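Asker: Contents of data.txt (compact mmCIF, C-alpha atoms) are below:
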# COMPACT_ATOMS: atom_id res chain seq x y z
CA MET A 1 -145.32 86.49 -64.83
CA ARG A 2 -143.29 83.86 -62.98
CA TRP A 3 -146.18 83.22 -60.59
CA TRP A 4 -148.61 83.06 -63.50
CA SER A 5 -146.39 80.56 -65.34
CA VAL A 6 -146.11 78.34 -62.26
CA ALA A 7 -149.88 78.48 -61.75
CA ASN A 8 -150.51 77.61 -65.40
CA PHE A 9 -148.08 74.70 -65.24
CA VAL A 10 -149.94 73.27 -62.24
CA SER A 11 -153.29 73.83 -63.94
CA ASN A 12 -152.18 72.28 -67.24
CA ALA A 13 -150.76 69.25 -65.46
CA GLY A 14 -154.07 68.79 -63.62
CA THR A 15 -156.12 69.27 -66.80
CA TRP A 16 -154.13 66.73 -68.79
CA MET A 17 -154.28 64.32 -65.87
CA GLN A 18 -158.08 64.59 -65.91
CA LEU A 19 -158.32 64.35 -69.72
CA THR A 20 -156.20 61.21 -69.70
CA VAL A 21 -158.33 59.63 -67.00
CA GLN A 22 -161.66 60.82 -68.42
CA ASN A 23 -161.39 58.78 -71.61
CA LEU A 24 -160.57 55.68 -69.58
CA LEU A 25 -163.48 56.42 -67.25
CA VAL A 26 -165.98 56.68 -70.11
CA LEU A 27 -164.71 53.41 -71.54
CA GLN A 28 -165.03 51.82 -68.10
CA ILE A 29 -168.62 53.01 -67.64
CA THR A 30 -169.92 52.40 -71.17
CA GLY A 31 -167.45 50.04 -72.82
CA SER A 32 -167.95 52.08 -75.99
CA ALA A 33 -165.33 53.97 -77.95
CA ALA A 34 -168.15 55.92 -79.61
CA ALA A 35 -169.30 57.18 -76.21
CA THR A 36 -165.75 58.34 -75.50
CA GLY A 37 -165.72 60.37 -78.67
CA LEU A 38 -169.18 61.73 -77.86
CA SER A 39 -168.02 62.99 -74.45
CA MET A 40 -165.18 64.90 -76.12
CA SER A 41 -167.58 66.39 -78.67
CA VAL A 42 -170.05 67.41 -75.96
CA GLN A 43 -167.29 69.29 -74.15
CA ALA A 44 -166.16 70.99 -77.38
CA ALA A 45 -169.65 71.84 -78.68
CA PRO A 46 -170.21 74.93 -76.48
CA ALA A 47 -167.13 76.54 -78.03
CA LEU A 48 -168.74 76.18 -81.45
CA LEU A 49 -172.01 77.77 -80.36
CA ILE A 50 -171.24 80.39 -77.71
CA SER A 51 -167.52 81.25 -77.89
CA VAL A 52 -168.38 84.63 -79.41
CA PHE A 53 -170.53 85.44 -76.36
CA GLY A 54 -167.80 84.26 -73.99
CA GLY A 55 -165.29 86.54 -75.71
CA ALA A 56 -167.71 89.46 -75.46
CA ALA A 57 -168.09 88.80 -71.74
CA VAL A 58 -164.31 88.92 -71.32
CA ASP A 59 -164.22 92.34 -72.99
CA ARG A 60 -166.99 93.67 -70.73
CA TRP A 61 -166.05 92.25 -67.33
CA PRO A 62 -162.90 92.92 -65.22
CA ARG A 63 -160.32 90.49 -66.53
CA LYS A 64 -158.76 89.33 -63.25
CA LEU A 65 -162.15 88.74 -61.62
CA THR A 66 -163.43 86.92 -64.71
CA ALA A 67 -160.41 84.60 -64.82
CA ALA A 68 -160.51 83.91 -61.07
CA VAL A 69 -164.24 83.10 -61.05
CA SER A 70 -164.02 80.88 -64.14
CA GLN A 71 -161.10 78.95 -62.63
CA ALA A 72 -163.02 78.49 -59.37
CA LEU A 73 -166.07 77.23 -61.28
CA LEU A 74 -163.94 74.75 -63.24
CA GLY A 75 -162.53 73.56 -59.92
CA ALA A 76 -166.06 73.08 -58.57
CA VAL A 77 -166.98 70.93 -61.59
CA ALA A 78 -163.84 68.81 -61.09
CA PHE A 79 -164.60 68.32 -57.37
CA THR A 80 -168.21 67.39 -58.17
CA THR A 81 -167.02 64.76 -60.63
CA ALA A 82 -164.52 63.41 -58.11
CA LEU A 83 -167.27 63.09 -55.48
CA LEU A 84 -169.61 61.27 -57.87
CA VAL A 85 -166.81 58.88 -58.88
CA ALA A 86 -165.86 58.22 -55.24
CA LEU A 87 -169.52 57.46 -54.36
CA ASP A 88 -169.93 55.36 -57.51
CA ARG A 89 -172.81 57.58 -58.63
CA LEU A 90 -171.40 58.79 -61.94
CA ASP A 91 -173.34 57.59 -64.98
CA VAL A 92 -173.14 58.54 -68.66
CA THR A 93 -175.80 61.25 -68.39
CA SER A 94 -174.07 62.96 -65.44
CA LEU A 95 -170.72 62.76 -67.18
CA MET A 96 -172.10 64.36 -70.36
CA VAL A 97 -173.76 67.16 -68.38
CA LEU A 98 -170.55 67.90 -66.50
CA ALA A 99 -168.57 67.86 -69.75
CA ALA A 100 -171.01 70.34 -71.30
CA VAL A 101 -170.80 72.65 -68.26
CA THR A 102 -167.01 72.52 -68.47
CA GLY A 103 -167.19 73.49 -72.13
CA VAL A 104 -169.45 76.46 -71.38
CA ILE A 105 -167.17 77.80 -68.65
CA ALA A 106 -164.13 77.30 -70.89
CA THR A 107 -165.57 79.70 -73.49
CA VAL A 108 -164.99 82.50 -70.96
CA ASP A 109 -161.98 81.07 -69.15
CA GLY A 110 -159.84 80.54 -72.27
CA PRO A 111 -159.74 84.12 -73.59
CA ALA A 112 -159.74 85.61 -70.07
CA CYS A 113 -156.63 83.69 -68.98
CA SER A 114 -154.85 84.20 -72.31
CA LEU A 115 -155.30 87.97 -72.24
CA LEU A 116 -154.55 88.20 -68.52
CA GLY A 117 -151.14 86.62 -69.16
CA ASN A 118 -150.42 89.22 -71.85
CA ASP A 119 -151.24 92.03 -69.40
CA LEU A 120 -148.35 90.95 -67.18
CA VAL A 121 -145.62 91.99 -69.63
CA PRO A 122 -144.92 95.12 -71.72
CA PRO A 123 -146.43 95.07 -75.23
CA GLU A 124 -143.10 94.35 -76.91
CA ASP A 125 -142.71 91.18 -74.82
CA VAL A 126 -146.17 89.72 -75.56
CA PRO A 127 -144.89 87.31 -78.28
CA SER A 128 -142.30 85.99 -75.83
CA ALA A 129 -144.95 85.64 -73.12
CA ILE A 130 -147.11 83.61 -75.51
CA GLY A 131 -144.10 81.41 -76.26
CA VAL A 132 -143.56 80.87 -72.54
CA GLY A 133 -147.23 79.95 -72.25
CA ALA A 134 -146.83 77.38 -75.03
CA LEU A 135 -143.79 75.93 -73.25
CA VAL A 136 -145.74 75.72 -69.99
CA HIS A 137 -148.63 74.04 -71.82
CA GLN A 138 -146.40 71.38 -73.40
CA SER A 139 -144.56 70.72 -70.12
CA GLY A 140 -147.84 70.46 -68.22
CA ARG A 141 -149.16 68.06 -70.83
CA LEU A 142 -146.22 65.70 -70.41
CA THR A 143 -146.34 65.92 -66.62
CA GLY A 144 -150.10 65.46 -66.40
CA ALA A 145 -150.14 62.42 -68.68
CA ALA A 146 -147.36 60.83 -66.64
CA LEU A 147 -149.03 61.61 -63.30
CA ALA A 148 -152.38 60.24 -64.46
CA GLY A 149 -151.22 56.64 -64.45
CA VAL A 150 -149.47 56.98 -61.10
CA THR A 151 -152.43 58.73 -59.46
CA VAL A 152 -155.02 56.24 -60.70
CA GLY A 153 -152.79 53.30 -59.80
CA PHE A 154 -152.21 54.37 -56.19
CA LEU A 155 -155.17 56.61 -55.29
CA GLY A 156 -157.94 55.86 -57.79
CA THR A 157 -159.76 57.73 -60.52
CA ALA A 158 -161.48 60.20 -58.17
CA ALA A 159 -158.08 61.44 -56.97
CA ALA A 160 -157.18 62.60 -60.51
CA TYR A 161 -160.31 64.75 -60.67
CA ALA A 162 -159.71 66.09 -57.16
CA ALA A 163 -156.12 66.97 -58.07
CA ASN A 164 -157.37 68.89 -61.09
CA GLY A 165 -159.84 70.73 -58.88
CA LEU A 166 -157.02 71.75 -56.55
CA SER A 167 -154.98 72.97 -59.53
CA PHE A 168 -157.83 75.30 -60.57
CA LEU A 169 -158.14 76.67 -57.04
CA PHE A 170 -154.39 77.31 -56.98
CA VAL A 171 -154.68 79.44 -60.12
CA ALA A 172 -157.70 81.30 -58.69
CA SER A 173 -155.75 82.06 -55.52
CA VAL A 174 -152.77 83.45 -57.45
CA ILE A 175 -154.75 85.76 -59.77
CA PRO A 176 -155.64 88.46 -57.16
CA PHE A 177 -151.93 89.08 -56.52
CA LEU A 178 -150.98 89.58 -60.19
CA ARG A 179 -150.13 93.13 -61.26
CA PRO A 180 -150.24 94.29 -64.90
CA ALA A 181 -146.91 95.47 -66.27
CA ARG A 182 -146.28 99.15 -66.84
CA GLY A 183 -147.27 100.03 -70.38
CA ALA A 184 -149.32 96.85 -70.87
CA ALA A 185 -152.65 97.11 -72.66
CA ARG A 186 -155.31 97.74 -70.06
CA THR A 187 -159.03 97.28 -70.10
CA ALA A 188 -161.16 100.38 -70.39
CA GLY A 189 -161.79 102.58 -67.39
CA PRO A 190 -165.07 102.54 -65.45
CA ALA A 191 -166.68 105.42 -67.36
CA VAL A 192 -165.77 103.94 -70.74
CA ARG A 193 -166.93 100.50 -69.61
CA THR A 194 -170.24 101.93 -68.45
CA ALA A 195 -170.88 103.65 -71.78
CA ARG A 196 -169.74 100.61 -73.67
CA GLY A 197 -171.88 98.40 -71.46
CA ARG A 198 -175.01 100.37 -72.40
CA ARG A 199 -174.12 100.06 -76.08
CA ASP A 200 -173.31 96.35 -75.72
CA ALA A 201 -176.60 95.72 -73.97
CA ARG A 202 -178.40 97.07 -77.02
CA GLY A 203 -176.15 95.16 -79.47
CA GLY A 204 -176.09 91.70 -77.96
CA MET A 205 -172.91 92.26 -75.91
CA SER A 206 -171.34 93.70 -79.06
CA VAL A 207 -170.80 90.27 -80.56
CA ARG A 208 -171.46 91.74 -83.99
CA GLU A 209 -168.65 94.24 -83.50
CA GLY A 210 -166.15 91.43 -82.97
CA LEU A 211 -167.48 89.47 -85.93
CA ALA A 212 -167.35 92.55 -88.15
CA PHE A 213 -163.79 93.38 -87.13
CA PHE A 214 -162.65 89.82 -87.85
CA ALA A 215 -164.42 89.75 -91.23
CA ARG A 216 -162.87 93.07 -92.30
CA ARG A 217 -159.34 92.23 -91.20
CA PRO A 218 -157.36 90.59 -94.05
CA ARG A 219 -154.56 89.47 -91.71
CA LEU A 220 -156.98 87.55 -89.50
CA LEU A 221 -158.78 86.03 -92.49
CA ALA A 222 -155.45 84.91 -93.94
CA LEU A 223 -154.44 83.48 -90.56
CA ALA A 224 -157.74 81.60 -90.40
CA GLY A 225 -157.17 80.19 -93.89
CA VAL A 226 -153.61 79.04 -93.15
CA THR A 227 -154.57 77.50 -89.81
CA GLY A 228 -157.69 75.88 -91.24
CA VAL A 229 -156.01 74.10 -94.14
CA SER A 230 -153.22 72.96 -91.80
CA ALA A 231 -155.70 71.69 -89.21
CA VAL A 232 -157.76 69.70 -91.70
CA PHE A 233 -155.01 68.15 -93.85
CA GLY A 234 -152.21 67.95 -91.29
CA ARG A 235 -151.46 68.25 -87.59
CA ASN A 236 -153.74 65.37 -86.59
CA TYR A 237 -150.62 63.32 -86.00
CA GLN A 238 -152.11 61.30 -83.15
CA LEU A 239 -154.43 59.86 -85.82
CA THR A 240 -152.31 59.64 -88.97
CA LEU A 241 -149.05 58.59 -87.35
CA ALA A 242 -150.81 56.01 -85.19
CA VAL A 243 -152.19 54.37 -88.34
CA LEU A 244 -148.83 54.66 -90.12
CA VAL A 245 -146.84 53.14 -87.25
CA THR A 246 -149.22 50.26 -86.52
CA GLY A 247 -149.97 49.63 -90.21
CA PRO A 248 -147.35 49.99 -92.96
CA LEU A 249 -144.43 50.24 -90.49
CA ALA A 250 -145.63 47.17 -88.52
CA GLY A 251 -145.03 48.75 -85.12
CA GLY A 252 -146.98 48.39 -81.91
CA ALA A 253 -148.26 50.53 -79.08
CA GLY A 254 -144.74 50.95 -77.74
CA SER A 255 -143.49 52.27 -81.06
CA PHE A 256 -146.30 54.80 -81.24
CA GLY A 257 -145.53 55.79 -77.65
CA THR A 258 -142.00 56.62 -78.78
CA VAL A 259 -143.36 58.70 -81.66
CA SER A 260 -145.69 60.54 -79.26
CA THR A 261 -142.77 61.30 -76.94
CA VAL A 262 -140.74 62.73 -79.81
CA LEU A 263 -143.75 64.85 -80.81
CA ALA A 264 -143.97 66.22 -77.27
CA VAL A 265 -140.24 66.97 -77.12
CA GLY A 266 -140.46 68.74 -80.47
CA GLY A 267 -143.37 70.78 -79.16
CA ILE A 268 -141.29 71.95 -76.20
CA VAL A 269 -138.33 72.85 -78.43
CA GLY A 270 -140.67 74.73 -80.76
CA ALA A 271 -142.20 76.64 -77.85
CA VAL A 272 -138.72 77.75 -76.74
CA LEU A 273 -137.91 78.91 -80.26
CA GLY A 274 -141.30 80.57 -80.63
CA ALA A 275 -140.68 82.58 -77.47
CA ARG A 276 -137.76 84.26 -79.26
CA LEU A 277 -139.94 85.64 -82.05
CA ARG A 278 -140.03 89.40 -81.74
CA ARG A 279 -142.23 90.23 -84.75
CA PRO A 280 -144.47 87.30 -85.60
CA SER A 281 -146.56 87.73 -88.73
CA VAL A 282 -149.01 85.81 -90.89
CA ARG A 283 -146.23 85.31 -93.46
CA VAL A 284 -144.11 83.60 -90.82
CA VAL A 285 -147.06 81.40 -89.83
CA GLY A 286 -147.73 80.52 -93.49
CA ALA A 287 -144.09 79.75 -94.27
CA LEU A 288 -143.81 77.47 -91.25
CA ALA A 289 -147.12 75.74 -92.06
CA ALA A 290 -145.99 75.13 -95.66
CA ALA A 291 -142.68 73.73 -94.39
CA GLY A 292 -144.60 71.46 -92.05
CA GLY A 293 -146.69 70.23 -94.96
CA LEU A 294 -143.59 69.33 -96.97
CA LEU A 295 -142.10 67.54 -93.96
CA GLN A 296 -145.37 65.62 -93.69
CA VAL A 297 -144.97 64.48 -97.30
CA VAL A 298 -141.50 63.09 -96.50
CA ALA A 299 -142.84 61.44 -93.35
CA GLY A 300 -145.47 59.68 -95.44
CA LEU A 301 -142.68 58.15 -97.52
CA SER A 302 -140.76 56.87 -94.46
CA PRO A 303 -139.60 53.31 -95.10
CA SER A 304 -138.93 52.56 -91.43
CA LEU A 305 -139.70 53.72 -87.92
CA ALA A 306 -136.21 55.17 -87.53
CA VAL A 307 -136.67 57.45 -90.55
CA LEU A 308 -140.10 58.49 -89.28
CA LEU A 309 -138.65 59.46 -85.90
CA VAL A 310 -136.07 61.64 -87.65
CA MET A 311 -138.88 63.45 -89.49
CA VAL A 312 -141.28 63.72 -86.54
CA LEU A 313 -139.03 66.00 -84.49
CA PRO A 314 -138.79 68.86 -87.04
CA MET A 315 -142.50 68.42 -87.83
CA ALA A 316 -143.37 69.03 -84.18
CA VAL A 317 -140.92 71.93 -83.88
CA VAL A 318 -142.32 73.69 -86.96
CA GLU A 319 -145.91 73.14 -85.81
CA SER A 320 -145.18 74.54 -82.34
CA VAL A 321 -143.37 77.65 -83.63
CA SER A 322 -146.17 78.25 -86.16
CA ASP A 323 -148.82 77.95 -83.45
CA THR A 324 -146.94 80.36 -81.18
CA ALA A 325 -146.54 82.92 -83.97
CA GLY A 326 -150.20 82.60 -84.96
CA THR A 327 -151.38 83.04 -81.38
CA ALA A 328 -149.21 86.15 -81.03
CA VAL A 329 -150.75 87.68 -84.16
CA LEU A 330 -154.25 86.79 -83.01
CA GLN A 331 -153.82 88.31 -79.54
CA THR A 332 -151.97 91.47 -80.55
CA ASP A 333 -153.53 92.51 -83.87
CA PRO A 334 -156.99 93.60 -82.58
CA PRO A 335 -157.32 96.71 -80.39
CA PRO A 336 -157.38 95.88 -76.65
CA HIS A 337 -161.13 96.41 -76.21
CA LEU A 338 -161.91 93.86 -78.97
CA ARG A 339 -159.42 91.11 -78.18
CA GLY A 340 -161.81 89.00 -76.14
CA ARG A 341 -164.41 89.04 -78.90
CA VAL A 342 -161.84 88.20 -81.57
CA LEU A 343 -160.63 85.26 -79.46
CA GLY A 344 -164.26 84.20 -79.12
CA VAL A 345 -164.71 84.22 -82.90
CA TRP A 346 -161.49 82.25 -83.22
CA GLY A 347 -162.72 79.73 -80.68
CA SER A 348 -165.81 79.01 -82.77
CA ILE A 349 -163.76 78.70 -85.98
CA GLY A 350 -161.19 76.47 -84.31
CA THR A 351 -163.90 74.16 -82.99
CA VAL A 352 -165.13 73.62 -86.55
CA TRP A 353 -161.64 72.51 -87.54
CA SER A 354 -161.16 70.27 -84.52
CA LEU A 355 -164.52 68.55 -85.05
CA GLY A 356 -164.36 68.33 -88.84
CA GLY A 357 -160.67 67.70 -89.39
CA PRO A 358 -160.32 64.12 -88.05
CA PRO A 359 -163.36 62.74 -89.97
CA ALA A 360 -162.18 64.41 -93.20
CA LEU A 361 -158.68 63.04 -92.72
CA GLY A 362 -160.08 59.61 -91.87
CA LEU A 363 -162.05 59.63 -95.13
CA LEU A 364 -158.91 60.63 -97.03
CA MET A 365 -157.05 57.71 -95.45
CA GLU A 366 -159.85 55.36 -96.49
CA LEU A 367 -159.56 56.56 -100.08
CA ALA A 368 -155.79 56.96 -100.46
CA GLY A 369 -154.28 54.96 -97.60
CA VAL A 370 -152.35 56.48 -94.74
CA ARG A 371 -149.24 57.20 -96.82
CA GLY A 372 -151.33 58.76 -99.57
CA ALA A 373 -153.26 60.84 -97.04
CA LEU A 374 -150.07 62.18 -95.45
CA MET A 375 -148.52 63.05 -98.80
CA ALA A 376 -151.70 64.49 -100.36
CA GLY A 377 -152.46 66.47 -97.22
CA GLY A 378 -148.96 67.92 -97.06
CA LEU A 379 -149.01 68.89 -100.73
CA ILE A 380 -152.44 70.52 -100.34
CA ILE A 381 -151.16 72.58 -97.41
CA ALA A 382 -148.01 73.75 -99.21
CA ALA A 383 -149.80 74.42 -102.52
CA THR A 384 -152.67 76.35 -100.91
CA ILE A 385 -150.35 78.57 -98.88
CA GLY A 386 -148.07 79.10 -101.88
CA ALA A 387 -151.03 80.11 -104.06
CA GLY A 388 -152.22 82.52 -101.40
CA TYR A 389 -148.79 84.11 -101.19
CA VAL A 390 -148.63 84.56 -104.98
CA LEU A 391 -152.10 86.13 -105.10
CA GLN A 392 -151.26 88.47 -102.25
CA SER A 393 -147.98 89.58 -103.80
CA ARG A 394 -149.72 90.36 -107.13
CA ARG A 395 -152.42 92.46 -105.50
CA PRO A 396 -151.88 96.09 -106.52
CA ALA A 397 -151.24 98.62 -103.79
CA ARG A 398 -154.16 100.90 -103.12
CA ALA A 399 -153.43 104.50 -104.04
CA VAL A 400 -153.81 107.25 -101.46
CA PRO A 401 -156.02 109.96 -103.03
CA VAL A 402 -154.86 113.54 -102.61
CA THR A 403 -157.25 116.34 -103.62
CA ALA A 404 -156.04 119.45 -105.41
CA GLY A 405 -154.58 121.97 -103.06
CA ALA A 406 -154.42 119.53 -100.18
CA ALA A 407 -151.20 118.93 -98.37
CA VAL A 408 -149.43 115.69 -99.20
CA PRO A 409 -149.67 113.43 -96.17
CA PRO A 410 -146.46 112.47 -94.42
CA ALA A 411 -144.88 109.26 -95.61
CA PRO A 412 -145.84 107.16 -92.54
CA ALA A 413 -149.50 108.26 -92.82
CA ALA A 414 -149.59 107.48 -96.54
CA LEU A 415 -148.01 104.09 -96.02
CA GLY A 416 -150.38 103.33 -93.17
CA THR A 417 -153.44 104.15 -95.28
CA ALA A 418 -152.13 102.05 -98.18
CA ALA A 419 -151.47 99.13 -95.84
Could I get this file's structure written as structure tokens?
Answerer:
Amino acid sequence: MRWWSVANFVSNAGTWMQLTVQNLLVLQITGSAAATGLSMSVQAAPALLISVFGGAAVDRWPRKLTAAVSQALLGAVAFTTALLVALDRLDVTSLMVLAAVTGVIATVDGPACSLLGNDLVPPEDVPSAIGVGALVHQSGRLTGAALAGVTVGFLGTAAAYAANGLSFLFVASVIPFLRPARGAARTAGPAVRTARGRRDARGGMSVREGLAFFARRPRLLALAGVTGVSAVFGRNYQLTLAVLVTGPLAGGAGSFGTVSTVLAVGGIVGAVLGARLRRPSVRVVGALAAAGGLLQVVAGLSPSLAVLLVMVLPMAVVESVSDTAGTAVLQTDPPPHLRGRVLGVWGSIGTVWSLGGPPALGLLMELAGVRGALMAGGLIIAATIGAGYVLQSRRPARAVPVTAGAAVPPAPAALGTAA
């Protein structure tokens, strides 16, 4: 797990270095902010369309091999981009194609690497492992963004892509030496995989099985609802807080940079706290999301930058802990042989939020102003989650039928059926 964390830190730093440089590169080539947004959408679009198939592939194929090959392929794409940039042969069409290929590979790489990390610890430590992963992600994000400017300034844009390619190869070289922990959830054995493979071949890689499980699982549907309303009406702080700082609070780019730094620090603190959760649940995720919504309301009322900075830190902490708890529920609730497919379904749903959330929030800001959007969005989040909690608590428990003459089931079995 230590080796995996180090490898992920290196990979995240390289990825964020490339993402930081990529937006600047698109602007340099096209001079269009719209083209920059289009390149991001092109990379995200495959997750919307084929994430369910990527998750099914992760359930069918050996996990370590799948993760190693996907990392190597992502490295090849990064090296190809670096070569085209160095030769001054990269145009908009090539960049869009490479972004789309990256998005396709990521539909397999994301769930494969997430579940591989969980295999390295005993089941009771999976929530902590997910928290460690969140901490590594936030640390890599800060490091990569900082290295991007230094790398481009001294070595050029191509070097940032090449560095990201090397980071992927480093992860691919570490994976063969990883050993699952004793008692960790394992993938099915060869005979079971063979039988399942024949069934999956008839059923479209068993995509429908993952969709059906997700649709029948109230916990996952509730988690999707909580995360969705939070993603649409909150969390897009890089958008809302940028408008708030540069508008009503009369700050500049430097002031927003300070706010972004506080957000990143809060994310790291939240990841550390999230790693200490032993029994994450949808109720915990909902309570934290509602608290974040109320904090967002107060942030919208901030009369000065100093007050906003005081509010931003707990907002980021709550968001990070909520994300960690939600990821733990998502990756541990399904049975092991369905987890890849469930993550694939989640990838498609999450892409809808990430693509639809910013435009919806932008429209809300146009109608109500940035302060009104922050306050209305926060109240919608808290009210929706509160209403869901009330409805769930009023739902009558389902009785366990016992036929005449039948033995009364033991208490744990009865409670399990009722649940």
Asker: List every protein, DNA or RNA residue with an atom no more than 9 Å from (-170.5, 89.1, -73.2) in the file's coordinates, counting only C-alpha atoms, and format the result as a VMD selection string.
Answerer: chain A and resid 52 to 61 108 200 204 to 207 341
Asker: Any chance you could export the current selection's C-alpha atoms as a PDB file, in the frame of the given file?
Answerer:
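Final output, saved to result-v9.pdb:
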ATOM      1  CA  VAL A  52    -168.380  84.630 -79.410  1.00  0.00           C
ATOM      2  CA  PHE A  53    -170.530  85.440 -76.360  1.00  0.00           C
ATOM      3  CA  GLY A  54    -167.800  84.260 -73.990  1.00  0.00           C
ATOM      4  CA  GLY A  55    -165.290  86.540 -75.710  1.00  0.00           C
ATOM      5  CA  ALA A  56    -167.710  89.460 -75.460  1.00  0.00           C
ATOM      6  CA  ALA A  57    -168.090  88.800 -71.740  1.00  0.00           C
ATOM      7  CA  VAL A  58    -164.310  88.920 -71.320  1.00  0.00           C
ATOM      8  CA  ASP A  59    -164.220  92.340 -72.990  1.00  0.00           C
ATOM      9  CA  ARG A  60    -166.990  93.670 -70.730  1.00  0.00           C
ATOM     10  CA  TRP A  61    -166.050  92.250 -67.330  1.00  0.00           C
ATOM     11  CA  VAL A 108    -164.990  82.500 -70.960  1.00  0.00           C
ATOM     12  CA  ASP A 200    -173.310  96.350 -75.720  1.00  0.00           C
ATOM     13  CA  GLY A 204    -176.090  91.700 -77.960  1.00  0.00           C
ATOM     14  CA  MET A 205    -172.910  92.260 -75.910  1.00  0.00           C
ATOM     15  CA  SER A 206    -171.340  93.700 -79.060  1.00  0.00           C
ATOM     16  CA  VAL A 207    -170.800  90.270 -80.560  1.00  0.00           C
ATOM     17  CA  ARG A 341    -164.410  89.040 -78.900  1.00  0.00           C
TER      18      ARG A 341
END
Asker: Between A:Leu263, A:Val318, A:Ala181, A:Leu309, which residue has the minimum interatomic distance to Leu142 in chain A, considering all atoms listed in the file?
Answerer: A:Leu263
Asker: Quick one, how far is CA of Gly372 in chain A from CA of Leu38 in chain A?
Answerer: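 Computed distance, CA of Gly372 in chain A to CA of Leu38 in chain A, equals 28.3 Å.
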Asker: With distances taken over only C-alpha atoms, which of A:Arg182, A:Arg371, A:His337, A:Arg217 is nearest to Gly300 in chain A?
Answerer: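 Smallest distance to Gly300 in chain A is found for A:Arg371.
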Asker: In Å, how far is it from CA of Thr240 in chain A to CA of Ala316 in chain A?
Answerer: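 Interatomic distance here is 13.8 Å.
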